[in-house]
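S.K.: Please see the structure below; I have some questions.
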Amino acid sequence: MLRAALSGDEQAYAAFLARVAALVRGVTRRNAGSGVEVEDVVQETLLAIHLKRHTWRTDAPVRPWIFAIARYKLVDSLRRRGRRVEVDIADYAETLAEPVEDAASPREVERALEQLPPGQRRVVSAVSVEGLSIGEAAAAFGMNETAVRVALHRGLSAIARGRR
Amino acid sequence: MDTQSLIRALSQDAAAGRARLDRRLALGFALAAGLAAIVWFVLLGPRPDIAEAAATLRFPFKFVVTLALVGSAALAWRAVARPGTPVAPAAALLLAAPVLLAAGVVAELFAVPEGARMARLIGTNSAVCLTFIPLIGALPLAVLIAALRNGAPTRPTLAGAFCGLAAGGLAATFYAAHCIDDSPLFVAVWYTIAIGMLTLAGALAGRLVLRW
């Protein structure tokens, strides 16, 4: 499935990513314990798989590759969480002042999306949240398709980078 | 953003250009080797009696050891670039250079009388060795790390250490063509320390810059 996706088949790629998401969700839930936003880890893993898909050897089994990336991203988010907790302890007053921040926080990808330059942000959110195709987005914004593709790719890369 | 939306966006980006990892790694390695050669040639150059030295046993043996390190470290470096690729087989090959060197040391202990061993070990060039192997290896180390950023090393510190070992092997190979201390005793002590410095630097750098 990934092989077809890598040759540019968008539907196969979407189906592949959906299965990866389900797989990672299950594994993360079992291993992460409390205090981890499972869906954040899932999304972060999907972004990583997308941007690093060239590191999969097309003749290798795909599961070990997926699991290695998923585990790396899970450990990474636990580590970042650990740091954040330290900051919270050092800055206890502020934590008390906004105790609901954690529960009500939007998905981390959402936050990263808001940091993007406006051109990339509107393309990424049109294609993701509103579900437009590249062609529809191009028509809606009066851009050509290549520009939409570039903006989408740069936006997604920036989201993945910004969340390290 | 829910995950379904993210998947939509990612799949629309499916056609985006993908790097060919093996080619980038090969280019990076070639560039690293070339830089090591250039720095060595500018700073040191070959020893004057290299033709006679090549006819001895000890001088060529230095290259057997350093090239074994280069080869095995390059394989480990390549393996660590891809998630889910087992690193252990390549890492086991890394034992080749130390084992060869240990055999050389044993042979040297038989060949050289006890009184002369210390002089061979200390040699005449140890400070030069400790200075120039890291110096020759520094740029290759940076290039190998940069090339690895195209991959996805899930163990950044280990990956950085492999970069350091490969850079150290390259630097030692060129340095060996300059150095007149050919005893395995000298190589075992000073080359090891110098390559260790590069490995440590690589591990620290990898920890910082090989995350993704």
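Following the order of the structure tokens, chains are lettered A, B, ..., residues in each are numbered from 1, and ligands are numbered from 1.
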Residues of chain A within 6 Å of chain B, counting only C-alpha atoms - could you list those as a PyMOL selection string?

M.R.: chain A and resi 8+10+13-14+55+64-65+68+72+110+127-129

S.K.: Identify, on the basis of only C-alpha atoms, every residue whose closest approach to Val65 of chain B does not exceed 7 Å; exclude the query and any residue fewer than 4 positions from it along the same chain; express the result as a list of chain:residue names.

M.R.: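 The contact residues come out as B:Phe61, B:Leu69, B:Ala97, B:Leu100, B:Leu101.
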
S.K.: Could you jot down the atom CA of Val105 of chain B to atom CA of Trp190 of chain B separation for me, Å, one decimal place?

M.R.: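 Going from atom CA of Val105 of chain B over to atom CA of Trp190 of chain B, I get 13.2 Å.
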
S.K.: Between A:Val20, A:Val75, A:Ile134, A:Leu2, single out the one closest to Asp59 of chain A, counting only C-alpha atoms.

M.R.: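 Checking each candidate against Asp59 of chain A, we get A:Leu2 as the closest.
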
S.K.: Of the candidates B:Ala161, B:Cys179, B:Leu170, B:Leu141, which shows the shortest atom-to-atom distance to Ala68 of chain B, using only C-alpha atoms?

M.R.: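 Smallest separation from Ala68 of chain B among the options: B:Leu170.
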
S.K.: As a PyMOL selection string, please: every residue in segment 20-117 of chain B that a backbone DSSP assignment puts in helix (DSSP H, G or I).

M.R.: chain B and resi 21-43+50-54+58-79+88-93+96-111+114-117

S.K.: Next, the residues of the selection above should be written as a CSV table (one decimal), in the first residue's frame with C-alpha atoms.

M.R.:
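Output file part.csv follows:
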chain,number,residue,atom,x,y,z
B,21,LEU,CA,18.5,8.4,0.7
B,22,ASP,CA,21.2,6.0,-0.5
B,23,ARG,CA,22.5,8.5,-3.1
B,24,ARG,CA,22.6,11.3,-0.6
B,25,LEU,CA,24.5,9.1,1.9
B,26,ALA,CA,26.9,8.0,-0.8
B,27,LEU,CA,27.5,11.6,-1.8
B,28,GLY,CA,28.0,12.6,1.8
B,29,PHE,CA,30.5,9.8,2.4
B,30,ALA,CA,32.5,10.7,-0.8
B,31,LEU,CA,32.6,14.3,0.2
B,32,ALA,CA,33.7,13.4,3.7
B,33,ALA,CA,36.6,11.3,2.3
B,34,GLY,CA,37.5,14.0,-0.1
B,35,LEU,CA,37.7,16.6,2.6
B,36,ALA,CA,39.8,14.4,4.8
B,37,ALA,CA,42.2,13.9,1.8
B,38,ILE,CA,42.4,17.7,1.1
B,39,VAL,CA,43.0,18.7,4.8
B,40,TRP,CA,45.6,16.0,5.1
B,41,PHE,CA,47.4,17.0,2.0
B,42,VAL,CA,47.4,20.7,2.9
B,43,LEU,CA,48.5,20.2,6.5
B,50,ILE,CA,56.6,6.2,1.8
B,51,ALA,CA,57.9,3.9,-1.0
B,52,GLU,CA,60.3,2.1,1.3
B,53,ALA,CA,57.8,2.0,4.1
B,54,ALA,CA,55.3,0.3,1.9
B,58,ARG,CA,54.1,-2.6,10.0
B,59,PHE,CA,53.3,0.4,7.7
B,60,PRO,CA,50.7,-1.4,5.5
B,61,PHE,CA,49.2,-3.0,8.6
B,62,LYS,CA,48.1,0.4,9.8
B,63,PHE,CA,45.9,0.7,6.8
B,64,VAL,CA,44.5,-2.7,7.2
B,65,VAL,CA,43.3,-1.6,10.7
B,66,THR,CA,42.1,1.9,9.7
B,67,LEU,CA,40.3,0.7,6.5
B,68,ALA,CA,38.6,-2.0,8.5
B,69,LEU,CA,37.3,0.8,10.8
B,70,VAL,CA,36.2,2.9,7.9
B,71,GLY,CA,34.3,0.1,6.2
B,72,SER,CA,32.6,-1.1,9.3
B,73,ALA,CA,31.7,2.4,10.6
B,74,ALA,CA,30.3,3.3,7.2
B,75,LEU,CA,28.0,0.3,7.2
B,76,ALA,CA,26.8,1.1,10.8
B,77,TRP,CA,26.4,4.7,9.8
B,78,ARG,CA,24.2,3.7,6.8
B,79,ALA,CA,22.1,1.3,8.8
B,88,ALA,CA,23.5,-4.9,15.6
B,89,PRO,CA,25.0,-6.8,12.6
B,90,ALA,CA,26.8,-3.7,11.4
B,91,ALA,CA,27.8,-2.8,15.0
B,92,ALA,CA,29.3,-6.3,15.4
B,93,LEU,CA,31.5,-5.7,12.3
B,96,ALA,CA,37.0,-6.1,13.2
B,97,ALA,CA,39.4,-3.2,13.5
B,98,PRO,CA,40.0,-3.6,17.3
B,99,VAL,CA,40.5,-7.4,16.9
B,100,LEU,CA,43.0,-6.9,14.0
B,101,LEU,CA,44.8,-4.3,16.0
B,102,ALA,CA,44.9,-6.5,19.1
B,103,ALA,CA,46.4,-9.3,17.0
B,104,GLY,CA,49.0,-6.8,15.7
B,105,VAL,CA,49.9,-5.8,19.2
B,106,VAL,CA,50.4,-9.4,20.3
B,107,ALA,CA,52.6,-10.0,17.3
B,108,GLU,CA,54.6,-6.9,18.1
B,109,LEU,CA,55.1,-8.0,21.7
B,110,PHE,CA,56.7,-11.2,20.4
B,111,ALA,CA,58.8,-9.4,17.9
B,114,GLU,CA,60.8,-5.9,26.4
B,115,GLY,CA,63.2,-3.0,26.8
B,116,ALA,CA,62.3,-1.5,23.5
B,117,ARG,CA,58.6,-1.8,23.8

S.K.: Counting only C-alpha atoms, which of A:Ser157, A:Ser133, A:Thr146, A:Asn31 gets nearest to Leu116 of chain A?

M.R.: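 Selected residue with least distance to Leu116 of chain A: A:Ser157.
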
S.K.: Hey, can you check how far atom CA of Ala188 of chain B sits from atom CA of Val87 of chain B?

M.R.: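 Computing it gives 25.6 Å between the two atoms.
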